[in-house]
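A.B. asks: Contents are mmCIF, C-alpha atoms; file name input_12.cif:
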data_start
#
loop_
_atom_site.group_PDB
_atom_site.id
_atom_site.type_symbol
_atom_site.label_atom_id
_atom_site.label_comp_id
_atom_site.auth_asym_id
_atom_site.auth_seq_id
_atom_site.Cartn_x
_atom_site.Cartn_y
_atom_site.Cartn_z
ATOM 1 C CA MET G 1 81.218 75.439 96.083
ATOM 2 C CA ALA G 2 78.818 72.578 96.676
ATOM 3 C CA GLY G 3 75.968 74.667 95.369
ATOM 4 C CA GLY G 4 74.748 78.219 95.143
ATOM 5 C CA ILE G 5 75.263 81.481 93.332
ATOM 6 C CA ALA G 6 78.772 82.097 91.985
ATOM 7 C CA ARG G 7 80.919 85.000 93.125
ATOM 8 C CA ALA G 8 80.845 86.608 89.691
ATOM 9 C CA SER G 9 77.032 86.600 89.702
ATOM 10 C CA VAL G 10 76.294 87.618 93.284
ATOM 11 C CA GLY G 11 75.841 91.318 92.514
ATOM 12 C CA ASP G 12 73.241 90.560 89.860
ATOM 13 C CA ALA G 13 71.489 88.068 92.155
ATOM 14 C CA LEU G 14 71.146 90.677 94.896
ATOM 15 C CA SER G 15 69.815 93.335 92.541
ATOM 16 C CA CYS G 16 67.206 91.322 90.649
ATOM 17 C CA GLY G 17 64.350 91.959 93.084
ATOM 18 C CA ASP G 18 64.386 88.682 95.012
ATOM 19 C CA THR G 19 64.528 88.692 98.799
ATOM 20 C CA PHE G 20 67.124 86.796 100.819
ATOM 21 C CA LEU G 21 66.951 85.601 104.411
ATOM 22 C CA THR G 22 69.964 85.370 106.684
ATOM 23 C CA PHE G 23 70.634 83.041 109.584
ATOM 24 C CA PRO G 24 69.325 84.144 112.987
ATOM 25 C CA GLY G 25 71.650 85.045 115.864
ATOM 26 C CA ALA G 26 73.852 81.966 116.070
ATOM 27 C CA GLU G 27 76.093 83.202 118.877
ATOM 28 C CA THR G 28 73.303 84.047 121.308
ATOM 29 C CA TYR G 29 71.539 80.801 120.393
ATOM 30 C CA MET G 30 74.686 78.831 121.240
ATOM 31 C CA ILE G 31 75.136 80.603 124.573
ATOM 32 C CA PHE G 32 71.567 80.751 125.862
ATOM 33 C CA GLU G 33 69.792 77.868 124.118
ATOM 34 C CA GLN G 34 72.591 75.323 123.720
ATOM 35 C CA GLN G 35 74.626 76.371 126.756
ATOM 36 C CA PHE G 36 77.679 76.037 124.540
ATOM 37 C CA ALA G 37 80.840 77.524 126.073
ATOM 38 C CA LEU G 38 81.393 80.277 123.530
ATOM 39 C CA ARG G 39 84.791 81.729 124.369
ATOM 40 C CA GLU G 40 85.256 85.394 123.407
ATOM 41 C CA PHE G 41 81.991 85.141 121.408
ATOM 42 C CA CYS G 42 83.902 83.044 118.825
ATOM 43 C CA ALA G 43 81.330 80.808 117.144
ATOM 44 C CA PHE G 44 83.793 78.889 114.982
ATOM 45 C CA GLU G 45 84.761 76.588 117.860
ATOM 46 C CA ILE G 46 81.420 74.796 117.573
ATOM 47 C CA LEU G 47 82.660 73.332 114.298
ATOM 48 C CA ASP G 48 85.042 71.101 116.256
ATOM 49 C CA ASP G 49 82.210 69.627 118.351
ATOM 50 C CA ASP G 50 80.160 67.268 116.183
ATOM 51 C CA ALA G 51 77.298 66.894 118.673
ATOM 52 C CA ALA G 52 76.969 70.647 119.234
ATOM 53 C CA TRP G 53 77.184 71.310 115.486
ATOM 54 C CA GLU G 54 74.399 68.820 114.829
ATOM 55 C CA GLU G 55 72.256 70.499 117.483
ATOM 56 C CA LEU G 56 72.870 73.882 115.853
ATOM 57 C CA ARG G 57 72.086 72.423 112.435
ATOM 58 C CA GLN G 58 68.770 70.973 113.557
ATOM 59 C CA GLY G 59 67.725 73.825 115.807
ATOM 60 C CA LEU G 60 68.777 76.856 113.811
ATOM 61 C CA LEU G 61 70.078 76.197 110.312
ATOM 62 C CA GLN G 62 67.564 73.682 108.987
ATOM 63 C CA PRO G 63 64.498 75.700 110.080
ATOM 64 C CA THR G 64 65.962 78.714 108.291
ATOM 65 C CA VAL G 65 66.330 76.768 105.058
ATOM 66 C CA GLU G 66 62.807 75.387 105.458
ATOM 67 C CA ALA G 67 61.406 78.892 106.028
ATOM 68 C CA ALA G 68 63.163 80.110 102.884
ATOM 69 C CA ALA G 69 61.872 77.156 100.860
ATOM 70 C CA ALA G 70 58.292 77.627 102.087
ATOM 71 C CA GLY G 71 58.279 81.330 101.283
ATOM 72 C CA GLY G 72 60.307 81.332 98.076
ATOM 73 C CA TYR G 73 63.255 83.245 99.529
ATOM 74 C CA GLY G 74 66.948 82.869 98.909
ATOM 75 C CA ILE G 75 69.456 82.439 101.722
ATOM 76 C CA ILE G 76 72.653 84.282 102.574
ATOM 77 C CA THR G 77 74.732 82.137 104.907
ATOM 78 C CA ASP G 78 77.081 82.996 107.716
ATOM 79 C CA ALA G 79 80.220 80.916 108.180
ATOM 80 C CA LEU G 80 80.474 81.453 111.967
ATOM 81 C CA VAL G 81 83.750 83.363 111.519
ATOM 82 C CA TRP G 82 82.678 86.818 112.736
ATOM 83 C CA ARG G 83 85.513 86.606 115.261
ATOM 84 C CA ALA G 84 87.948 84.365 113.394
ATOM 85 C CA SER G 85 90.366 87.264 112.964
ATOM 86 C CA PRO G 86 93.948 87.375 114.277
ATOM 87 C CA ASP G 87 93.352 88.925 117.717
ATOM 88 C CA TYR G 88 90.597 86.508 118.683
ATOM 89 C CA VAL G 89 92.248 83.431 117.220
ATOM 90 C CA GLU G 90 95.320 84.162 119.340
ATOM 91 C CA LYS G 91 93.244 84.987 122.454
ATOM 92 C CA LEU G 92 91.806 81.477 122.258
ATOM 93 C CA GLY G 93 95.297 79.981 122.231
ATOM 94 C CA TYR G 94 95.659 79.206 118.553
ATOM 95 C CA ALA G 95 98.660 80.264 116.499
ATOM 96 C CA ALA G 96 98.364 83.316 114.271
ATOM 97 C CA SER G 97 98.924 81.008 111.312
ATOM 98 C CA ASP G 98 95.696 79.159 112.184
ATOM 99 C CA VAL G 99 93.559 82.037 110.860
ATOM 100 C CA GLN G 100 93.626 80.603 107.345
ATOM 101 C CA ARG G 101 92.814 77.052 108.425
ATOM 102 C CA ILE G 102 89.986 78.080 110.764
ATOM 103 C CA ASN G 103 88.274 80.235 108.144
ATOM 104 C CA ARG G 104 88.746 77.678 105.382
ATOM 105 C CA ASP G 105 87.389 74.802 107.450
ATOM 106 C CA ALA G 106 84.414 76.818 108.681
ATOM 107 C CA VAL G 107 83.368 77.792 105.168
ATOM 108 C CA ALA G 108 83.710 74.221 103.926
ATOM 109 C CA ARG G 109 81.543 72.781 106.692
ATOM 110 C CA VAL G 110 78.814 75.408 106.397
ATOM 111 C CA ASP G 111 78.832 75.039 102.609
ATOM 112 C CA ALA G 112 78.420 71.277 102.773
ATOM 113 C CA THR G 113 75.700 71.472 105.438
ATOM 114 C CA ILE G 114 73.554 74.205 103.903
ATOM 115 C CA SER G 115 73.975 72.993 100.326
ATOM 116 C CA ALA G 116 72.741 69.556 101.338
ATOM 117 C CA MET G 117 69.540 71.169 102.609
ATOM 118 C CA ALA G 118 69.116 74.029 100.132
ATOM 119 C CA ASN G 119 69.737 72.193 96.861
ATOM 120 C CA PRO G 120 66.914 69.632 97.103
ATOM 121 C CA ALA G 121 64.618 72.320 98.496
ATOM 122 C CA GLY G 122 65.239 74.575 95.498
ATOM 123 C CA VAL G 123 66.517 77.456 97.629
ATOM 124 C CA SER G 124 68.891 79.944 95.994
ATOM 125 C CA MET G 125 71.926 80.093 98.232
ATOM 126 C CA ILE G 126 74.660 82.700 98.523
ATOM 127 C CA LEU G 127 77.592 81.219 100.397
ATOM 128 C CA SER G 128 78.776 84.134 102.482
ATOM 129 C CA ALA G 129 81.281 84.570 105.264
ATOM 130 C CA GLU G 130 81.321 87.358 107.817
ATOM 131 C CA VAL G 131 83.916 89.562 109.440
ATOM 132 C CA GLY G 132 83.444 91.766 112.478
ATOM 133 C CA PRO G 133 85.129 94.731 114.095
ATOM 134 C CA ARG G 134 88.502 94.344 115.749
ATOM 135 C CA GLY G 135 87.055 95.662 118.986
ATOM 136 C CA ASP G 136 83.729 95.166 120.697
ATOM 137 C CA GLY G 137 80.720 95.075 118.389
ATOM 138 C CA TYR G 138 78.536 96.913 120.908
ATOM 139 C CA SER G 139 80.707 99.638 122.373
ATOM 140 C CA LEU G 140 83.786 101.725 121.769
ATOM 141 C CA GLY G 141 86.793 101.763 124.039
ATOM 142 C CA SER G 142 90.430 102.705 123.844
ATOM 143 C CA GLY G 143 91.949 101.720 120.517
ATOM 144 C CA GLN G 144 88.690 100.523 119.003
ATOM 145 C CA GLN G 145 88.500 103.097 116.210
ATOM 146 C CA PRO G 146 91.443 102.055 114.023
ATOM 147 C CA GLU G 147 92.514 104.209 111.145
ATOM 148 C CA ALA G 148 91.476 102.857 107.764
ATOM 149 C CA ASP G 149 94.959 101.698 106.758
ATOM 150 C CA ARG G 150 95.511 99.929 110.082
ATOM 151 C CA ALA G 151 92.109 98.267 109.785
ATOM 152 C CA ARG G 152 92.937 97.170 106.268
ATOM 153 C CA ASP G 153 96.186 95.590 107.468
ATOM 154 C CA TYR G 154 94.547 93.904 110.454
ATOM 155 C CA HIS G 155 91.642 92.367 108.549
ATOM 156 C CA THR G 156 93.633 91.329 105.460
ATOM 157 C CA PRO G 157 94.786 87.902 106.769
ATOM 158 C CA GLN G 158 91.221 86.764 107.425
ATOM 159 C CA ILE G 159 89.743 88.326 104.297
ATOM 160 C CA ALA G 160 92.522 86.949 102.098
ATOM 161 C CA ALA G 161 91.941 83.494 103.591
ATOM 162 C CA LEU G 162 88.219 83.735 102.888
ATOM 163 C CA ALA G 163 88.897 84.862 99.319
ATOM 164 C CA GLU G 164 90.650 81.545 98.738
ATOM 165 C CA THR G 165 87.496 79.610 99.686
ATOM 166 C CA ASP G 166 84.330 79.193 97.632
ATOM 167 C CA ILE G 167 82.400 82.059 99.227
ATOM 168 C CA ALA G 168 80.566 84.325 96.828
ATOM 169 C CA LEU G 169 80.141 87.202 99.267
ATOM 170 C CA LEU G 170 81.751 88.841 102.285
ATOM 171 C CA ALA G 171 79.579 90.545 104.903
ATOM 172 C CA ALA G 172 81.041 92.948 107.455
ATOM 173 C CA TRP G 173 78.617 92.818 110.383
ATOM 174 C CA THR G 174 78.244 95.046 113.449
ATOM 175 C CA LEU G 175 80.819 97.655 112.505
ATOM 176 C CA THR G 176 81.177 100.594 114.865
ATOM 177 C CA SER G 177 83.102 103.195 112.864
ATOM 178 C CA ALA G 178 83.433 104.418 109.297
ATOM 179 C CA THR G 179 87.235 104.230 109.372
ATOM 180 C CA GLU G 180 87.246 100.495 110.101
ATOM 181 C CA ALA G 181 84.551 99.935 107.491
ATOM 182 C CA ILE G 182 86.715 101.711 104.912
ATOM 183 C CA GLY G 183 89.686 99.499 105.779
ATOM 184 C CA ILE G 184 87.608 96.328 105.524
ATOM 185 C CA ALA G 185 86.068 97.380 102.217
ATOM 186 C CA LYS G 186 89.511 98.099 100.785
ATOM 187 C CA ALA G 187 90.851 94.744 102.000
ATOM 188 C CA ALA G 188 87.932 93.041 100.243
ATOM 189 C CA SER G 189 88.613 94.994 97.051
ATOM 190 C CA ASP G 190 92.258 93.929 97.191
ATOM 191 C CA VAL G 191 91.171 90.311 96.683
ATOM 192 C CA ASP G 192 88.116 91.022 94.477
ATOM 193 C CA LEU G 193 85.554 89.902 97.050
ATOM 194 C CA PRO G 194 82.069 91.428 96.765
ATOM 195 C CA ILE G 195 81.140 92.902 100.134
ATOM 196 C CA ILE G 196 78.134 94.167 102.092
ATOM 197 C CA ILE G 197 78.916 96.703 104.817
ATOM 198 C CA SER G 198 76.665 96.682 107.876
ATOM 199 C CA PRO G 199 77.189 98.849 110.958
ATOM 200 C CA THR G 200 75.292 98.592 114.204
ATOM 201 C CA VAL G 201 73.492 101.564 115.713
ATOM 202 C CA GLU G 202 72.411 102.661 119.160
ATOM 203 C CA THR G 203 68.818 103.448 120.170
ATOM 204 C CA ASP G 204 69.183 106.903 118.568
ATOM 205 C CA GLY G 205 70.014 105.387 115.181
ATOM 206 C CA ARG G 206 73.662 106.470 115.305
ATOM 207 C CA LEU G 207 76.776 104.302 115.327
ATOM 208 C CA PRO G 208 78.499 103.807 118.684
ATOM 209 C CA ASP G 209 81.008 106.514 117.710
ATOM 210 C CA GLY G 210 78.159 108.978 117.124
ATOM 211 C CA THR G 211 78.237 108.891 113.320
ATOM 212 C CA SER G 212 74.862 109.009 111.580
ATOM 213 C CA LEU G 213 73.966 106.300 109.079
ATOM 214 C CA ALA G 214 73.894 108.935 106.348
ATOM 215 C CA GLU G 215 77.401 110.142 107.144
ATOM 216 C CA PHE G 216 78.661 106.568 107.485
ATOM 217 C CA VAL G 217 77.444 105.561 104.017
ATOM 218 C CA ARG G 218 78.752 108.743 102.408
ATOM 219 C CA ARG G 219 82.193 108.461 104.012
ATOM 220 C CA VAL G 220 82.663 104.805 103.117
ATOM 221 C CA ASP G 221 81.435 105.289 99.559
ATOM 222 C CA ASP G 222 83.606 108.369 99.042
ATOM 223 C CA SER G 223 86.712 106.608 100.370
ATOM 224 C CA THR G 224 86.195 103.343 98.470
ATOM 225 C CA HIS G 225 84.763 104.654 95.185
ATOM 226 C CA GLY G 226 81.476 102.959 96.087
ATOM 227 C CA SER G 227 82.975 99.478 96.202
ATOM 228 C CA PRO G 228 80.460 97.853 98.640
ATOM 229 C CA LEU G 229 77.508 96.225 96.905
ATOM 230 C CA PHE G 230 75.245 98.012 99.380
ATOM 231 C CA TYR G 231 74.787 98.787 103.061
ATOM 232 C CA MET G 232 72.693 97.315 105.842
ATOM 233 C CA ALA G 233 72.392 97.645 109.607
ATOM 234 C CA ASN G 234 72.413 94.832 112.116
ATOM 235 C CA CYS G 235 72.436 94.099 115.841
ATOM 236 C CA ALA G 236 69.779 96.758 116.448
ATOM 237 C CA HIS G 237 65.987 96.807 116.765
ATOM 238 C CA PRO G 238 63.633 98.153 114.067
ATOM 239 C CA THR G 239 62.632 100.972 116.445
ATOM 240 C CA HIS G 240 66.248 102.165 116.317
ATOM 241 C CA VAL G 241 66.608 102.094 112.516
ATOM 242 C CA ASP G 242 63.155 102.713 111.060
ATOM 243 C CA PRO G 243 62.898 106.395 112.143
ATOM 244 C CA VAL G 244 66.213 107.170 110.444
ATOM 245 C CA LEU G 245 65.161 105.539 107.177
ATOM 246 C CA ARG G 246 61.708 107.129 107.295
ATOM 247 C CA ALA G 247 63.152 110.618 107.735
ATOM 248 C CA ALA G 248 65.748 110.082 104.995
ATOM 249 C CA HIS G 249 63.175 108.776 102.518
ATOM 250 C CA GLY G 250 60.847 111.617 103.366
ATOM 251 C CA ALA G 251 63.607 114.137 102.713
ATOM 252 C CA GLY G 252 64.676 112.428 99.491
ATOM 253 C CA GLU G 253 68.228 111.834 100.737
ATOM 254 C CA SER G 254 70.284 109.996 98.140
ATOM 255 C CA TRP G 255 72.215 107.732 100.520
ATOM 256 C CA VAL G 256 69.154 105.594 101.241
ATOM 257 C CA SER G 257 69.334 104.156 97.722
ATOM 258 C CA ARG G 258 72.472 102.367 98.960
ATOM 259 C CA PHE G 259 70.739 100.871 102.022
ATOM 260 C CA ASP G 260 69.210 97.494 101.213
ATOM 261 C CA GLY G 261 68.908 95.204 104.225
ATOM 262 C CA PHE G 262 68.487 94.724 107.954
ATOM 263 C CA ARG G 263 69.301 92.021 110.510
ATOM 264 C CA ALA G 264 67.338 92.861 113.633
ATOM 265 C CA ASN G 265 67.970 92.167 117.281
ATOM 266 C CA ALA G 266 65.061 90.497 119.041
ATOM 267 C CA SER G 267 65.184 93.027 121.858
ATOM 268 C CA SER G 268 64.609 96.769 121.758
ATOM 269 C CA LYS G 269 67.037 97.257 124.652
ATOM 270 C CA SER G 270 70.193 99.300 124.250
ATOM 271 C CA HIS G 271 73.529 97.612 123.697
ATOM 272 C CA GLU G 272 74.557 98.487 127.237
ATOM 273 C CA GLU G 273 71.418 96.880 128.659
ATOM 274 C CA LEU G 274 71.985 93.734 126.597
ATOM 275 C CA ASP G 275 75.633 93.513 127.648
ATOM 276 C CA ASN G 276 74.605 93.684 131.294
ATOM 277 C CA SER G 277 71.766 91.151 131.011
ATOM 278 C CA ALA G 278 72.191 87.619 132.351
ATOM 279 C CA GLU G 279 69.088 86.416 130.524
ATOM 280 C CA LEU G 280 68.199 86.339 126.857
ATOM 281 C CA ASP G 281 65.546 88.824 125.746
ATOM 282 C CA ARG G 282 63.771 87.152 122.812
ATOM 283 C CA GLY G 283 61.293 89.989 122.448
ATOM 284 C CA ASP G 284 58.107 89.234 120.525
ATOM 285 C CA PRO G 285 58.930 87.320 117.313
ATOM 286 C CA HIS G 286 55.650 88.181 115.590
ATOM 287 C CA ALA G 287 55.775 91.876 116.501
ATOM 288 C CA LEU G 288 59.345 91.966 115.211
ATOM 289 C CA ALA G 289 58.265 90.293 111.969
ATOM 290 C CA THR G 290 55.410 92.761 111.503
ATOM 291 C CA HIS G 291 57.809 95.668 111.893
ATOM 292 C CA MET G 292 60.301 94.071 109.487
ATOM 293 C CA ALA G 293 57.551 93.569 106.901
ATOM 294 C CA ALA G 294 56.559 97.228 107.192
ATOM 295 C CA MET G 295 60.176 98.278 106.679
ATOM 296 C CA GLN G 296 60.502 96.011 103.654
ATOM 297 C CA ALA G 297 57.343 97.449 102.135
ATOM 298 C CA SER G 298 58.439 101.036 102.812
ATOM 299 C CA TYR G 299 62.083 100.794 101.777
ATOM 300 C CA GLY G 300 62.285 97.798 99.410
ATOM 301 C CA LEU G 301 64.827 95.894 101.496
ATOM 302 C CA THR G 302 66.437 92.874 99.810
ATOM 303 C CA VAL G 303 68.125 91.149 102.781
ATOM 304 C CA LEU G 304 66.188 90.384 105.959
ATOM 305 C CA GLY G 305 67.231 88.419 109.001
ATOM 306 C CA GLY G 306 67.931 88.213 112.682
ATOM 307 C CA CYS G 307 70.822 89.068 114.922
ATOM 308 C CA CYS G 308 71.286 88.787 118.704
ATOM 309 C CA GLY G 309 68.443 87.058 120.521
ATOM 310 C CA THR G 310 66.726 85.746 117.395
ATOM 311 C CA ASP G 311 66.238 82.085 116.564
ATOM 312 C CA SER G 312 64.299 79.988 114.084
ATOM 313 C CA GLU G 313 60.932 81.230 115.385
ATOM 314 C CA HIS G 314 61.886 84.816 114.539
ATOM 315 C CA ILE G 315 63.097 83.884 111.049
ATOM 316 C CA GLU G 316 59.979 81.830 110.356
ATOM 317 C CA ALA G 317 57.800 84.760 111.455
ATOM 318 C CA ILE G 318 59.778 87.185 109.277
ATOM 319 C CA ALA G 319 59.467 84.849 106.299
ATOM 320 C CA GLU G 320 55.705 84.626 106.776
ATOM 321 C CA ALA G 321 55.248 88.387 107.244
ATOM 322 C CA CYS G 322 57.469 89.633 104.422
ATOM 323 C CA VAL G 323 57.419 88.886 100.705
ATOM 324 C CA ALA G 324 59.956 86.966 98.658
ATOM 325 C CA SER G 325 60.164 89.578 95.880
ATOM 326 C CA VAL G 326 60.335 93.319 96.391
#
Write out the structure in this file as structure tokens.
C.D. replies:
Amino acid sequence: MAGGIARASVGDALSCGDTFLTFPGAETYMIFEQQFALREFCAFEILDDDAAWEELRQGLLQPTVEAAAAGGYGIITDALVWRASPDYVEKLGYAASDVQRINRDAVARVDATISAMANPAGVSMILSAEVGPRGDGYSLGSGQQPEADRARDYHTPQIAALAETDIALLAAWTLTSATEAIGIAKAASDVDLPIIISPTVETDGRLPDGTSLAEFVRRVDDSTHGSPLFYMANCAHPTHVDPVLRAAHGAGESWVSRFDGFRANASSKSHEELDNSAELDRGDPHALATHMAAMQASYGLTVLGGCCGTDSEHIEAIAEACVASV
């Protein structure tokens, strides 16, 4: 690793009280701001286009590092491999054997790029790579709720490839069912990779399969002996998540002690509305940041960032509104 927190120390780094920012929504930025032809929502292809990568670096990645440096935050990276798993790699015309190469090369390029910015700025960096669900991250269809063992088998090639890189952390973003989350967590444990588990929720605060956040956390923890470092939610708006956390804290529910971060969508629209929209809904960056700051203050969240529709303006606003230590 060119720089950053080591894998063996990442758990301690995330539990010491410091706050970490994530990247904003790279995929929606590429599609709507860069007009980059993002096939199958697979962001890793931008790594083969030097001009597009440089535009992403200047427009999205560097402002995030600068916001972290100005506010005293750490950074948790993405590696743009949310869909660098076997099904999607093959859909794009690559060989199944390319999964390892694609993930390895993506991590190396992100590591070199972010380290070159973070190290001189004094920003604590956690080099992280992400995995996503086998199916759609916004909705459930036929075959999109794999059993835990099948999910473990499916995700193992990508997770094993990432374990051979210098990442310190694996993040499972936008999961839609507890069974797939269990399989992913077990695949990470198989190769001793620390992992954060993060489902998405609908406007009612429940996963697309109807599971509550409370039940999701309990089921995954029970089935994995509590192996995830902690849980988050992403690809949802604060108005979808905050009421659930408020009610759970008010009732003294134990599962909320395992919930420690949030990557928010810019828009408060439902997943169905966003899927059917031809235009990007950026929402109100400062209103979003205010709501994120209130959630951090109420629930002591460690990881804060943006998901679909967010860009550097949203991250800068979040960094200004929140605090670097909780």
A.B. asks: Which is closer to Val10 in chain G than all the others in G:Phe32, G:Ala51, G:Met125, G:Gly72, using only C-alpha atoms?
C.D. replies: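 For Val10 in chain G, the nearest of the given residues is G:Met125.
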A.B. asks: Just how far from CA of Leu162 in chain G is CA of Ser85 in chain G, in Å to one decimal?
C.D. replies: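 We find that CA of Ser85 in chain G and CA of Leu162 in chain G lie 10.9 Å from each other.
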A.B. asks: Could you work out how far CA of Trp82 in chain G lies from CA of Thr176 in chain G, giving the answer in Å with one decimal?
C.D. replies: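 Atom-to-atom, CA of Thr176 in chain G to CA of Trp82 in chain G, that is 14.0 Å.
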A.B. asks: Using only C-alpha atoms, find the one residue out of G:Ser177, G:Asn265, G:Ser9, G:Thr19 that sits nearest to Gln296 in chain G.
C.D. replies: G:Thr19
A.B. asks: Expand the PyMOL selection byres ((chain G and resi 113-119) around 8) into the individual residues it matches in the shown file, reporting them as a ChimeraX atom specification.
C.D. replies: /G:2-4,57,61-62,65,69,109-112,120-125
A.B. asks: Any chance you could resolve the PyMOL selection byres ((chain G and resi 20) around 8) against this file and give the residues as a list in words?
C.D. replies: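 After applying the PyMOL selection byres ((chain G and resi 20) around 8), what remains is Asp18, Thr19, Leu21, Thr22, Tyr73, Gly74, Ile75, Ile76, Thr302, Val303, Leu304 and Ala324 of chain G.
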A.B. asks: Between G:Asp190, G:Glu272, G:Asp284, G:Asp87, single out the one closest to Thr156 in chain G, counting all atoms listed in the file.
C.D. replies: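 Nearest to Thr156 in chain G: G:Asp190.
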A.B. asks: Neighbouring residues of Pro24 in chain G were defined as those with any atom within 8 Å, considering all atoms listed in the file; residues of the same chain fewer than 4 positions away were excluded. Please report them as a PDB file with C-alpha atoms, in the coordinates of the input.
C.D. replies:
ATOM      1  CA  LEU G  60      68.777  76.856 113.811  1.00  0.00           C
ATOM      2  CA  THR G  64      65.962  78.714 108.291  1.00  0.00           C
ATOM      3  CA  GLY G 305      67.231  88.419 109.001  1.00  0.00           C
ATOM      4  CA  GLY G 306      67.931  88.213 112.682  1.00  0.00           C
ATOM      5  CA  CYS G 307      70.822  89.068 114.922  1.00  0.00           C
ATOM      6  CA  CYS G 308      71.286  88.787 118.704  1.00  0.00           C
ATOM      7  CA  THR G 310      66.726  85.746 117.395  1.00  0.00           C
ATOM      8  CA  ASP G 311      66.238  82.085 116.564  1.00  0.00           C
ATOM      9  CA  SER G 312      64.299  79.988 114.084  1.00  0.00           C
ATOM     10  CA  HIS G 314      61.886  84.816 114.539  1.00  0.00           C
ATOM     11  CA  ILE G 315      63.097  83.884 111.049  1.00  0.00           C
TER      12      ILE G 315
END
A.B. asks: Show me, as a PDB file with C-alpha atoms, keeping the file's coordinate frame, the residues that have an atom within 9 Å of range 165-167 of chain G when counting only C-alpha atoms, minus same-chain residues fewer than 6 positions from it.
C.D. replies:
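Writing done, so here's around.pdb:
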ATOM      1  CA  MET G   1      81.218  75.439  96.083  1.00  0.00           C
ATOM      2  CA  ALA G   2      78.818  72.578  96.676  1.00  0.00           C
ATOM      3  CA  ALA G   6      78.772  82.097  91.985  1.00  0.00           C
ATOM      4  CA  ARG G   7      80.919  85.000  93.125  1.00  0.00           C
ATOM      5  CA  ASN G 103      88.274  80.235 108.144  1.00  0.00           C
ATOM      6  CA  ARG G 104      88.746  77.678 105.382  1.00  0.00           C
ATOM      7  CA  VAL G 107      83.368  77.792 105.168  1.00  0.00           C
ATOM      8  CA  ALA G 108      83.710  74.221 103.926  1.00  0.00           C
ATOM      9  CA  ASP G 111      78.832  75.039 102.609  1.00  0.00           C
ATOM     10  CA  ILE G 126      74.660  82.700  98.523  1.00  0.00           C
ATOM     11  CA  LEU G 127      77.592  81.219 100.397  1.00  0.00           C
ATOM     12  CA  SER G 128      78.776  84.134 102.482  1.00  0.00           C
ATOM     13  CA  ALA G 129      81.281  84.570 105.264  1.00  0.00           C
ATOM     14  CA  LEU G 193      85.554  89.902  97.050  1.00  0.00           C
TER      15      LEU G 193
END
A.B. asks: Find the distance between CA of Pro243 in chain G and CA of Pro194 in chain G and write it in Å to one decimal.
C.D. replies: 28.8 Å
A.B. asks: How would you write, as a PyMOL selection string, the residues chosen by the PyMOL selection byres ((chain G and resi 228) around 6) on this structure?
C.D. replies: chain G and resi 195-196+226-227+229-230
A.B. asks: Mind writing the picked residues with C-alpha atoms as an mmCIF file, in the coordinates of the input?
C.D. replies:
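Output (selection_5.cif):
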data_model
loop_
_atom_site.group_PDB
_atom_site.id
_atom_site.type_symbol
_atom_site.label_atom_id
_atom_site.label_comp_id
_atom_site.auth_asym_id
_atom_site.auth_seq_id
_atom_site.Cartn_x
_atom_site.Cartn_y
_atom_site.Cartn_z
ATOM 1 C CA ILE G 195 81.140 92.902 100.134
ATOM 2 C CA ILE G 196 78.134 94.167 102.092
ATOM 3 C CA GLY G 226 81.476 102.959 96.087
ATOM 4 C CA SER G 227 82.975 99.478 96.202
ATOM 5 C CA LEU G 229 77.508 96.225 96.905
ATOM 6 C CA PHE G 230 75.245 98.012 99.380
#
A.B. asks: Neighbouring residues of Glu215 in chain G were defined as those with any atom within 12 Å, considering only C-alpha atoms; residues of the same chain fewer than 6 positions away were excluded. Please report them as an mmCIF file with C-alpha atoms, in the frame of the given file.
C.D. replies:
data_model
loop_
_atom_site.group_PDB
_atom_site.id
_atom_site.type_symbol
_atom_site.label_atom_id
_atom_site.label_comp_id
_atom_site.auth_asym_id
_atom_site.auth_seq_id
_atom_site.Cartn_x
_atom_site.Cartn_y
_atom_site.Cartn_z
ATOM 1 C CA SER G 177 83.102 103.195 112.864
ATOM 2 C CA ALA G 178 83.433 104.418 109.297
ATOM 3 C CA THR G 179 87.235 104.230 109.372
ATOM 4 C CA PRO G 199 77.189 98.849 110.958
ATOM 5 C CA GLY G 205 70.014 105.387 115.181
ATOM 6 C CA ARG G 206 73.662 106.470 115.305
ATOM 7 C CA LEU G 207 76.776 104.302 115.327
ATOM 8 C CA ASP G 209 81.008 106.514 117.710
ATOM 9 C CA ASP G 221 81.435 105.289 99.559
ATOM 10 C CA ASP G 222 83.606 108.369 99.042
ATOM 11 C CA ALA G 248 65.748 110.082 104.995
ATOM 12 C CA GLU G 253 68.228 111.834 100.737
ATOM 13 C CA SER G 254 70.284 109.996 98.140
ATOM 14 C CA TRP G 255 72.215 107.732 100.520
ATOM 15 C CA VAL G 256 69.154 105.594 101.241
#
A.B. asks: Between G:Ala278, G:Cys16, G:Ala294, G:Ala52, which one has atoms that come closest to Ala321 in chain G, using only C-alpha atoms?
C.D. replies: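 Between G:Ala278, G:Cys16, G:Ala294, G:Ala52, the residue approaching Ala321 in chain G most closely is G:Ala294.
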A.B. asks: Distance cut-off 12 Å, centre (73.8, 106.2, 120.9) in file coordinates, counting all atoms listed in the file: which residues qualify? Return them as a PyMOL selection string.
C.D. replies: chain G and resi 138-140+176+200-213+236+240-241+269-272
A.B. asks: Can you pull out the residues contacting Met292 in chain G? Cut-off 10 Å, using all atoms listed in the file, and skip same-chain residues under 4 positions away; I want them as an MDAnalysis selection string.
C.D. replies: chainID G and resid 237:238 242 262:264 286:288 296:298 301 304:305 317:319 321:322
A.B. asks: Ranking G:Glu279, G:Glu273, G:Glu130, G:Glu313 by minimum distance to Thr174 in chain G and counting all atoms listed in the file, which one comes first?
C.D. replies: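 Once distances to Thr174 in chain G are computed over all atoms listed in the file, the minimum belongs to G:Glu130.
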A.B. asks: Between G:Asp275, G:Asp149, G:Glu164, G:Asp49, which is the closest to Ile182 in chain G once you count only C-alpha atoms?
C.D. replies: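 Of all the options, G:Asp149 lies closest to Ile182 in chain G.
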